[in-house]
Each structure stands twice: as C-alpha cells, then as structure tokens.
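Novice: Here it is, the structure, as structure tokens.
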Amino acid sequence: MMDKVTNIEEIKKSVTAGKTIMIGGFLNVGAPEKLVDMLIEKDMKDLTIITNDTSFPGKGPAKLIERKMVKKLICTHIGTNPETGRQLNAGEIEVEFNPQGTFVERIRSAGAGLGGFLTPTGVGTLVAQGKQIISVGDRDYILELPLKADIALIKAWKADRMGNLVYRRSARNFTPLMAMAAELVIVEAENIVETGSLDPDEVMTPSILVDMIIPGGYENE
Amino acid sequence: MMDKVTNIEEIKKSVTAGKTIMIGGFLNVGAPEKLVDMLIEKDMKDLTIITNDTSFPGKGPAKLIERKMVKKLICTHIGTNPETGRQLNAGEIEVEFNPQGTFVERIRSAGAGLGGFLTPTGVGTLVAQGKQIISVGDRDYILELPLKADIALIKAWKADRMGNLVYRRSARNFTPLMAMAAELVIVEAENIVETGSLDPDEVMTPSILVDMIIPGGYENE
Amino acid sequence: MSDARAVIAKRVARMFKDGDIVNLGIGLPTAVANYLPEGINLVIHSENGVTMMGPKPLEGDEDKDVIDAGGRPSTILPGGACFDSAMSFAIIRGGHVDATVLGALQVDKNGNLANWMVPGKVVPGMGGAMDLVVGAKKVIIAMEHSTKNGEFKILKECTLPLTAVAEVDWIVTELGLMEITKEGIIVRELAPGITPEEIQAKTEAGLIFPENIAIME
Amino acid sequence: MSDARAVIAKRVARMFKDGDIVNLGIGLPTAVANYLPEGINLVIHSENGVTMMGPKPLEGDEDKDVIDAGGRPSTILPGGACFDSAMSFAIIRGGHVDATVLGALQVDKNGNLANWMVPGKVVPGMGGAMDLVVGAKKVIIAMEHSTKNGEFKILKECTLPLTAVAEVDWIVTELGLMEITKEGIIVRELAPGITPEEIQAKTEAGLIFPENIAIME
C-alpha cells in the first residue's frame with residue numbers, strides 16, 4: 001500500500017521547481033504553520049503566494065510577508081495584517097485582489113480542467129478591468145480564468161498514509177480546492193491514521209490528489 | 001427548530017408549478033423511487049426530465065419513460081434502457097445528450113449562480129454544435145450554460161429534520177449538485193434523525209438547500 | 001457599542017422572518033444577532049464555510065477550528081453544517097441566502113455600494129463582500145448615517161471604487177430606515193425625534209418622503 | 001471472455017506502473033483489472049464517484065449503494081473514497097487520472113475516437129467517455145481489431161460522430177499494440193504469429209513498422 005508520509009527534510013528537497021505557492025487557511029484557521037516555516041527555513045525569495053488573506057501578524061502566511069519573501073500576493077483581503085497593507089502602499093509588493101467567491105472558483109476551475117467560468121460578481125467594478133465580459137440571456141458576466149500553482153501547502157485534521165484527507169469545522173475552507181490545483185500537494189496533518197481506517201464517505205480529499213504528508217498542525221505543536 | 005419532514009400528500013400538493021424536474025441517481029443507485037412514484041400517481045405529462053441515465057427497465061426514472069410522461073430528456077446515457085432508445089428512434093421523445101462532466105457541471109453552475117463555464121470536453125464533436133467556442137491561451141473551449149430545474153427529486157441516506165443530508169457510497173453521485181439547482185428540493189430519506197444528531201462535518205448538503213423531506217428509500221420499502 | 005450602533009442593529013434585527021438564511025458582515029452587522037425578537041431564529045451562514053453559526057463561546061470553550069468571518073472564536077449550533085469555500089460561495093452567489101447585512105463606506109441612490117477600498121489609503125480588499133452583495137436576495141446596509149467627520153455616506157453617486165452596481169435594497173442608520181427603489185431612496189421610518197429635514201440635511205442624495213413614515217423602534 | 005478479449009486485457013494490464021490512477025471503461029476494459037502483474041496495484045477511479053474500487057463482491061455480499069460505472073455490484077477497497085459527480089469529473093477533466101482504458105467503434109490515425117453513437121441506429125449517449133478521453137493523461141483503446149462483420153475499425157479518418165479529437169495514445173487489439181504519434185500509427189508489438197502484412201490487411205490506416213517490433217505477450 002502506498003505510504004506518502006515523509007519528513008520535513010524530504011519535503012524541503014522536493015520544493016524546488018516553481019515559486020507559485022498556494023497556502024490554505026482562512027484567517028489562519030486551517031493554515032499549515034509547519035510548512036510555512038519550511039519555506040522560511042529554505043529562505044525562498046520572490047514567491048507568488050496564493051492565499052485568501054495574510055492572516056494576523058506573526059501567524060501563518062503573514063510570516064512570509066514580514067520576511068519580504070513575497071513578490072506577488074493573490075488574495076481577497078489583507079485587512080487583518082497591517083504589514084501587508086504597508087508593503088502594498090509602499091510599492092514593495094504586488095497584490096491582486098479577487099472577490100472571495102471568484103478566488104476559490106478560479107482555483108477549483110484550474111483543478112477541474114476548466115478554461116474558466118462566468119460570474120456576475122464584480123461586473124461594473126474595478127475587478128472587471130481588462131477582463132472579457134460575456135452576456136448570457138439578459139445578464140453580463142465576467143469571464144474569470146483558472147488559477148493554479150506549482151505547490152499547494154495545506155493542513156488536514158486527519159490523513160491516512162495513502163493521502164485521503166479529512167478537515168474539521170471551518171478549517172476546511174479553501175483547502176479541498178487547492179489540493180486539486182497544484183502540481184505538488186503537500187499536507188501537514190494533525191493526525192495520521194492507517195490506510196483503511198477512514199470511512200470512504202468521510203474523506204473530503206481523495207488520496208489521488210495528495211503527494212506528500214508530514215505530521216504537524218496545532219495538536220502536535 | 002424547523003421541521004421539514006412531511007408526507008407524500010403534502011408533496012403532491014406542492015409539485016404543481018413547473019415541469020422541469022431533476023432526478024438524482026446513477027443507474028438507479030441514489031434514485032428516489034418513492035418520489036418517482038409520486039409523479040406517476042399525479043399522472044403528470046409533458047415533463048422535461050434531467051437525469052444522468054434512464055436507469056434499467058421498470059426502475060426509477062425508467063418508469064416515467066415507459067408511461068410516456070416525458071417530452072424531453074436531458075441526460076448523458078440511455079444505453080441501459082432500450083425503451084428510451086426506442087422512443088428516441090421513433091421520434092416520440094426529444095433527447096439532449098451531454099457529456100457527463102458537462103452535465104453535472106452545468107447543474108452545479110446553475111446552483112452556484114454562475115453564467116456558465118468553459119470546458120475542453122466535446123470540442124470538435126457534435127456536442128459543440130450551436131455553442132460558442134472561446135479560446136483561452138492556446139486551447140479551445142466550449143461555453144456551456146447552466147442547467148436548472150423547477151423541482152429536484154433526490155434521495156439521501158440520512159436527513160435531519162431541518163434538512164441536512166448525508167449520502168452513502170456511490171449513491172451520492174449527482175444529488176448534492178441537483179440540491180443546489182432547483183426551486184423546490186424534495187428529499188426521500190432512508191433515515192430521518194433528530195436535528196443536532198449529525199456532526200457538522202458529516203453533512204454533505206446543508207439544510208438551507210432543502211425544502212421538504214419524506215421517509216422512504218430502499219431501507220423503508 | 002455606541003447608542004447609534006445599537007439602534008441600527010436593533011432595527012435590522014426586526015427585518016427577518018423565522019428561518020431566514022442570513023449572512024452578517026463583520027462589525028456592526030454581527031451585532032444584529034444579539035437583538036433578534038423572540039420567535040425569530042435565523043440560520044446564520046458564515047462565508048468561511050458554516051451554517052447555523054452561533055454566538056461566541058464562553059471563555060475556555062473556544063474551538064481552534066471554529067471562527068466567524070472576522071476571525072473571532074465562534075460556535076456552531078445544532079443543525080449546523082460545515083463545507084468548503086467553493087460550496088460556501090456557490091450558496092452565496094446561487095441565491096440561497098435570503099439576506100446579507102453589510103457595512104458601507106458609501107451607498108448611492110441607484111443602489112450602488114462602495115465598501116472595499118479607499119484608493120491610496122486603506123485597501124483591505126473585498127473579501128466576500130462582492131459575492132454577497134450580488135448573490136443575496138436582499139442586501140441590507142447597516143451603518144452610521146455619516147462619517148466621523150460628518151461627511152455624507154448616502155450619495156447621489158458613489159465616488160469610491162464600487163463593490164457592486166444596483167444591488168442594495170435597504171439602508172438602516174441611526175436616523176432611519178430607507179428603501180432603495182427605481183424611483184430613488186424612500187424613507188420608510190424615521191428615528192424618534194428626527195425630522196425629514198434633519199435626515200435630508202445629512203444625506204447628499206435626495207430622499208423621497210411618502211405620506212406615511214413610521215417611527216423607527 | 002473470448003480468447004481475443006483475454007489477450008487484449010492481459011496486454012493492457014502490463015501498461016501500468018504501481019500506484020497508477022486508472023479509469024476502466026465498461027466491458028472489456030473492466031477485465032483488465034483481472035490480469036494485473038504481481039506488485040502492480042492500481043488506484044481504480046470509477047466515474048460514479050469512487051476511488052479504490054475493488055472487484056465484484058461475493059454473492060450475498062452486495063451493497064446496494066456500491067456499483068461500478070456499468071451498474072454492476074462492486075466493492076471499495078481500503079483507502080477508498082467516495083465523492084459526488086462534480087468532484088469525480090473535476091478529477092477526470094483536471095488531469096488527475098493517469099490513464100483511461102476504453103472501447104471504440106472507430107479510431108483513426110490522428111488519434112480521433114468514435115465510440116458513442118451510430119446515427120439512426122444505436123444512440124446510447126457518451127456518458128463519461130468524452131470527459132475521460134479529454135482529461136486522462138493517457139488514453140488506451142482496448143478493442144477487437146475489426147467488427148464482427150470484418151469491417152475496419154482503425155481508419156484513416158473516423159466516419160462516425162467523434163467522441164474526441166486527437167486524444168488517443170495507444171490501441172491494443174488481439175493483433176498487436178499500436179502507438180498513435182504525429183507521424184501516424186506505429187506498431188510496437190505484434191501478437192505471436194501475426195505478420196505486418198496480416199495486421200495491415202485488417203487496418204484501413206497505413207501502419208508504420210519500425211525495425212524492432214516486439215512480440216506481444
């Protein structure tokens with residue numbers, strides 16, 4: 001049986017090609033703290049980070065911002081992290097804002113092999129600038145394009161050794177979609193269980209989307 | 001606390017306006033047998049039925065075909081039901097075939113308030129006829145439009161009284177998407193449990209998408 | 001919470017019927033849940049993937065995996081469900097939410113809303129607001145009538161970058177309850193002691209005053 | 001199963017590496033699972049929403065909620081997961097399936113495939129085939145080389161309505177193993193005793209015979 005559980009050193013070796021990285025979590029709930037630290041230890045630079053928000057100061061993806069590791073941020077909201085706002089206003093970072101529904105749907109679209117989707121969200125606003133408007137029936141829609149990454153860093157509540165994942169409560173948020181949309185999907189799991197111990201209906205991300213797993217997460221800190 | 005559990009007579013009264021009906025199930029697994037019978041008892045005619053296949057003779061949606069209740073069928077496959085094929089070849093029924101991934105994504109698109117999506121599936125085939133082709137990067141995509149219904153008839157394994165639903169194994173198939181894409185969502189539940197007894201992470205369709213519930217399904221027959 | 005904000009939250013709380021599915025924005029809108037009349041239970045949808053979101057937990061009872069859309073510890077009531085963000089915004093955009101209550105920097109007489117950025121100053125981002133405003137069946141703006149500096153917030157035309165075009169249905173401020181219609185902004189209720197002249201003086205957009213204007217409770 | 005079909009299933013079964021994610025079509029392709037070499041375990045994806053789909057259950061052990069994509073009772077092995085059809089086809093279209101094995105009515109030298117309808121005769125519908133062929137990283141056609149009436153199935157150009165354009169990578173028949181490339185159809189293996197002349201005589205499209213052609217085991 002496949003065993004995708006490994007250690008942080010192996011993961012450091014694997015995170016080489018590509019600098020576009022998705023990081024799960026909504027205001028740090030569901031964020032893979034240990035995998036973020038791995039990026040810091042590798043001292044990576046000029047990253048493009050795709051994450052909903054930049055968390056709170058000192059937590060999760062915020063640590064990458066604070067260390068000036070991020071060249072471009074694709075997100076929906078930065079209001080909880082003043083340093084991100086400061087870097088934006090000072091021209092030190094490029095920030096692309098997406099409406100949150102558009103953000104997650106773009107990620108899903110990449111993972112699902114679609115070429116994009118039509119959304120009413122953002123029509124008549126700055127979000128529509130430079131994008132194709134397509135009318136269906138009597139309504140205008142923005143054509144939004146897929147958003148994919150080289151690497152997804154995500155957290156699960158439970159993972160079996162084969163890579164089936166279960167999330168808990170509002171920590172699920174963007175993670176199941178990011179797990180579909182990156183070349184290399186790395187999981188930090190609060191609990192690692194034997195393959196076969198999860199009920200097939202309980203699984204939220206099937207193993208075939210997952211590449212590597214390390215133990216981690218809040219409960220192991 | 002809201003209680004959406006009712007009886008078949010109340011449901012018969014509610015199924016009046018609109019004749020476009022989605023029916024869950026893949027080769028009858030996950031099909032709401034009792035709710036199909038309800039349509040037969042009401043002797044409805046000229047229905048537009050949206051369902052993946054037309055099951056096997058004498059089962060689920062096949063019963064509507066056999067009674068000539070269906071004017072138009074929107075589906076992906078009818079190979080398991082010779083009578084549907086006979087009616088198609090005899091010009092007695094209109095059948096619109098969709099690739100299965102397109103079929104379910106169109107339903108999701110309607111439920112998710114999107115105006116459509118771009119798929120590579122069907123490019124260069126009959127499926128593309130009459131549809132807009134949009135190029136993104138170096139690839140052509142078909143613009144597929146949302147597919148919605150007046151009524152969705154679906155089956156769940158467990159429902160709480162408020163309408164949170166859990167499906168089991170491969171009986172899940174199209175149902176969670178259909179529950180998003182119809183004005184009136186009616187559930188036949190194998191097991192009805194008290195509100196609060198389901199774990200929030202176990203729920204596959206949140207209560208807010210569900211309108212009415214009756215006990216039914218295989219286990220109650 | 002200031003008196004003004006409590007007045008607003010109380011009035012918004014009476015705009016729902018039992019069982020309504022409602023998304024409450026961060027800040028003042030969240031306070032609405034504290035003032036619901038007896039017998040009115042809402043199904044609170046939180047865009048980070050929860051239905052039946054409850055009140056904040058008692059100290060010591062926090063669950064690290066349960067927060068509201070503002071990042072504060074929260075709870076999930078019986079009948080609640082969790083789902084991913086794609087499903088959460090499918091619910092929002094798909095018209096499955098009866099009402100959303102949001103704050104605003106500016107609203108105008110055409111129902112346009114601006115609440116996500118002040119160019120060159122504060123650019124927090126739109127988060128889920130653009131989807132909520134486009135997708136919810138009813139959009140209620142809950143805000144103080146003017147800025148702290150006394151500037152207009154209810155305008156003829158928004159000057160800040162828009163969140164959405166022509167989507168706002170109601171505005172509730174400490175001065176009154178206003179409905180946005182094709183004819184313009186109609187004042188439906190006035191706070192006790194507030195005259196039409198007073199509310200108009202604090203509003204750039206011309207207000208419509210019908211014959212019967214109730215007193216806002 | 002006929003000898004020809006067993007030969008085909010056996011050869012296809014040796015085209016995978018351990019851990020490959022594979023979707024097997026109805027009929028002959030399903031039989032491939034019975035011939036996997038020792039040490040090769042596949043993750044079988046079934047489009048009705050299952051990974052790690054297993055063999056058919058023993059009589060009496062059927063689960064009413066577990067079927068394969070052909071509607072027959074099936075099983076789910078340890079490590080399996082269930083999901084809805086939107087997720088299932090996201091997996092397919094999104095390139096998360098390593099290979100799909102399908103039957104065909106016709107294949108042509110450009111990798112076009114026809115397997116979903118014969119106009120005016122049989123119109124079963126495409127089911128999941130169009131998505132599978134477009135989405136899977138490797139498309140393997142497993143079929144008998146000619147029709148029952150001896151008509152060509154491997155053509156210069158398909159005459160039936162297409163399932164997909166230029167997506168087929170491999171064809172396995174009882175006569176040989178063929179790879180579809182930009183140059184045309186290259187014969188990589190021939191069944192024992194089959195000569196280049198014999199396979200070409202049963203194939204409308206011109207075949208390319210490289211110097212080294214292995215014997216198909």
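Following the order of the structure tokens, chains are lettered A, B, ..., residues in each are numbered from 1, and ligands are numbered from 1.
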List as a tab-separated table every residue of chain A that is in contact with chain C, defined as an atom at most 6 Å from one of its atoms (using only C-alpha atoms), together with the nearest atom pair and the distance in Å rounded to one decimal, sorted by chain and then rising number.

Specialist:
```
residue	atom	partner	partner_atom	distance
A:Leu27	CA	C:Gly71	CA	5.8
A:Thr76	CA	C:Gly127	CA	4.6
A:His77	CA	C:Gly125	CA	4.3
A:Ile78	CA	C:Pro124	CA	5.0
A:Gly79	CA	C:Pro124	CA	4.3
A:Pro99	CA	C:Gly127	CA	5.7
A:Gln100	CA	C:Gly128	CA	4.7
A:Gly101	CA	C:Phe89	CA	5.0
A:Val104	CA	C:Ala86	CA	5.7
A:Thr121	CA	C:Asp131	CA	5.5
A:Thr125	CA	C:Leu162	CA	5.4
A:Arg169	CA	C:Cys82	CA	5.6
A:Ser170	CA	C:Val66	CA	5.4
A:Ala171	CA	C:Asp65	CA	5.3
A:Arg172	CA	C:Asp84	CA	5.5
A:Asn173	CA	C:Asp84	CA	4.4
A:Phe174	CA	C:Ser85	CA	5.4
```

Novice: Would you kindly return, as a list in words, each protein, DNA or RNA residue with an atom no farther than 9 Å from any atom of segment 16-20 of chain B, considering only C-alpha atoms and excluding same-chain residues fewer than 5 positions away?

Specialist: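 Surrounding residues, per the criterion: Met44, Lys45, Asp46, Leu47, Thr48, Ile49, Ile50, Lys148, Ala149, Asp150, Ile151 and Ala152 of chain B.
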
Novice: Keeping only N, CA and C atoms, write those residues as a compact mmCIF listing (two decimals), in the first residue's frame.

Specialist:
```
# COMPACT_ATOMS: atom_id res chain seq x y z
N MET B 44 -48.55 13.11 -14.24
CA MET B 44 -48.04 14.31 -14.92
C MET B 44 -47.64 13.98 -16.35
N LYS B 45 -47.76 14.97 -17.22
CA LYS B 45 -47.45 14.76 -18.64
C LYS B 45 -46.46 15.82 -19.12
N ASP B 46 -45.88 15.57 -20.29
CA ASP B 46 -45.03 16.56 -20.95
C ASP B 46 -43.90 17.06 -20.06
N LEU B 47 -43.37 16.18 -19.28
CA LEU B 47 -42.29 16.57 -18.38
C LEU B 47 -40.96 16.73 -19.13
N THR B 48 -40.15 17.66 -18.64
CA THR B 48 -38.73 17.68 -19.02
C THR B 48 -37.97 17.08 -17.85
N ILE B 49 -37.32 15.96 -18.10
CA ILE B 49 -36.61 15.27 -17.02
C ILE B 49 -35.10 15.43 -17.22
N ILE B 50 -34.44 15.83 -16.15
CA ILE B 50 -32.98 15.97 -16.15
C ILE B 50 -32.43 14.89 -15.23
N LYS B 148 -30.85 24.31 -14.92
CA LYS B 148 -31.58 24.33 -13.66
C LYS B 148 -32.96 23.71 -13.81
N ALA B 149 -33.65 23.52 -12.71
CA ALA B 149 -34.95 22.85 -12.76
C ALA B 149 -35.93 23.54 -11.82
N ASP B 150 -37.21 23.25 -12.06
CA ASP B 150 -38.23 23.73 -11.12
C ASP B 150 -38.18 22.90 -9.84
N ILE B 151 -37.99 21.61 -10.02
CA ILE B 151 -38.07 20.69 -8.89
C ILE B 151 -36.90 19.71 -8.96
N ALA B 152 -36.32 19.40 -7.80
CA ALA B 152 -35.34 18.32 -7.73
C ALA B 152 -35.91 17.24 -6.82
```

Novice: Enter the distance from atom CA of Lys131 of chain A to atom CA of Phe97 of chain A, in Å, rounded to one decimal.

Specialist: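 One can read the atom CA of Lys131 of chain A to atom CA of Phe97 of chain A distance as 13.9 Å.
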
Novice: May I ask which of the residues A:Gly196, A:Ser207, A:Ala110, A:Leu177 is the closest one to chain B, counting only C-alpha atoms?

Specialist: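 Using only C-alpha atoms, the shortest distance to chain B belongs to A:Ala110.
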
Novice: Take atom CA of Val43 of chain D and atom CA of Lys155 of chain B and report the distance between them in Å, one decimal.

Specialist: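 Here the two named atoms are 28.2 Å from each other.
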
Novice: As a list in words, could you give me every residue of chain A near chain B (at most 8 Å apart, counting only C-alpha atoms)?

Specialist: Gly113, Leu114, Gly115, Gly116, Phe117, Leu118, Thr119, Pro120, Val136, Tyr141, Tyr167, Arg168, Arg169, Pro200, Asp201 and Glu202 of chain A

Novice: Show me, as number ranges by chain, the residues that have an atom within 6 Å of Pro29 of chain D when counting only C-alpha atoms, minus same-chain residues fewer than 5 positions from it.

Specialist: D: 24, 101-102

Novice: Check chain A with DSSP on the backbone and list each residue it calls strand (DSSP E or B), as a PyMOL selection string.

Specialist: chain A and resi 5+20-23+26+29+47-50+70-75+94-97+116-119+133-136+139-144+149-160+165-166+182-193+205+212-215

Novice: To one decimal in Å, tell me the separation between atom CA of Cys158 of chain C and atom CA of Thr195 of chain C.

Specialist: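 Atom-to-atom, atom CA of Cys158 of chain C to atom CA of Thr195 of chain C, that is 24.9 Å.
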
Novice: Hey, what's within 9 Å of Leu28 of chain D if we count only C-alpha atoms and toss same-chain stuff fewer than 2 positions away? As a list in words, please?

Specialist: Met1, Arg5, Ala6, Ile8, Ala9, Leu24, Gly25, Ile26, Thr30, Ala31, Val32, Leu102, Gly103, Ala142 and Met143 of chain D

Novice: With a distance cut-off of 8 Å and only C-alpha atoms, select the neighbouring residues of Ala99 of chain C, excluding the residue or stretch itself and same-chain residues fewer than 5 positions from it, and output the selection as a ChimeraX atom specification.

Specialist: /C:20-23,136-140

Novice: Return as a list in words the full set of residues in segment 42-216 of chain A whose backbone-based DSSP assignment is alpha helix (DSSP H).

Specialist: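 Listing alpha helix (DSSP H) positions across segment 42-216 of chain A yields Ala62, Lys63, Leu64, Ile65, Glu66, Pro82, Glu83, Thr84, Gly85, Arg86, Gln87, Leu88, Asn89, Gln100, Gly101, Thr102, Phe103, Val104, Glu105, Arg106, Ile107, Arg108, Ser109, Ala110, Gly111, Thr175, Pro176, Leu177 and Met178 of chain A.
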
Novice: Fewer than 5 positions away in the same chain doesn't count, so skip those; otherwise give me all residues within 8 Å of segment 5-11 of chain B, counting only C-alpha atoms, as a list in words.

Specialist: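 Answer for this query is Met38, Arg161, Met162, Ile186, Met212, Ile213, Ile214 and Pro215 of chain B.
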
Novice: Take the residues from that selection and write them out as a CSV table (one decimal), in the first residue's frame, keeping N, CA and C atoms.

Specialist:
```csv
chain,number,residue,atom,x,y,z
B,38,MET,N,-44.6,9.1,-7.0
B,38,MET,CA,-45.5,10.3,-6.7
B,38,MET,C,-45.8,11.0,-8.0
B,161,ARG,N,-34.2,16.6,10.6
B,161,ARG,CA,-35.5,17.2,10.4
B,161,ARG,C,-35.4,18.6,9.8
B,162,MET,N,-34.2,19.3,10.0
B,162,MET,CA,-34.0,20.6,9.4
B,162,MET,C,-33.6,20.5,8.0
B,186,ILE,N,-36.9,18.3,-3.0
B,186,ILE,CA,-37.7,17.3,-2.2
B,186,ILE,C,-36.9,16.1,-2.0
B,212,MET,N,-38.4,20.0,1.5
B,212,MET,CA,-39.3,19.0,2.0
B,212,MET,C,-38.7,17.7,2.1
B,213,ILE,N,-39.1,16.9,3.1
B,213,ILE,CA,-38.5,15.6,3.3
B,213,ILE,C,-39.6,14.5,3.6
B,214,ILE,N,-39.5,13.4,3.0
B,214,ILE,CA,-40.3,12.3,3.4
B,214,ILE,C,-39.5,11.1,3.7
B,215,PRO,N,-39.9,10.2,4.6
B,215,PRO,CA,-39.2,8.9,4.8
B,215,PRO,C,-39.4,8.1,3.5
```
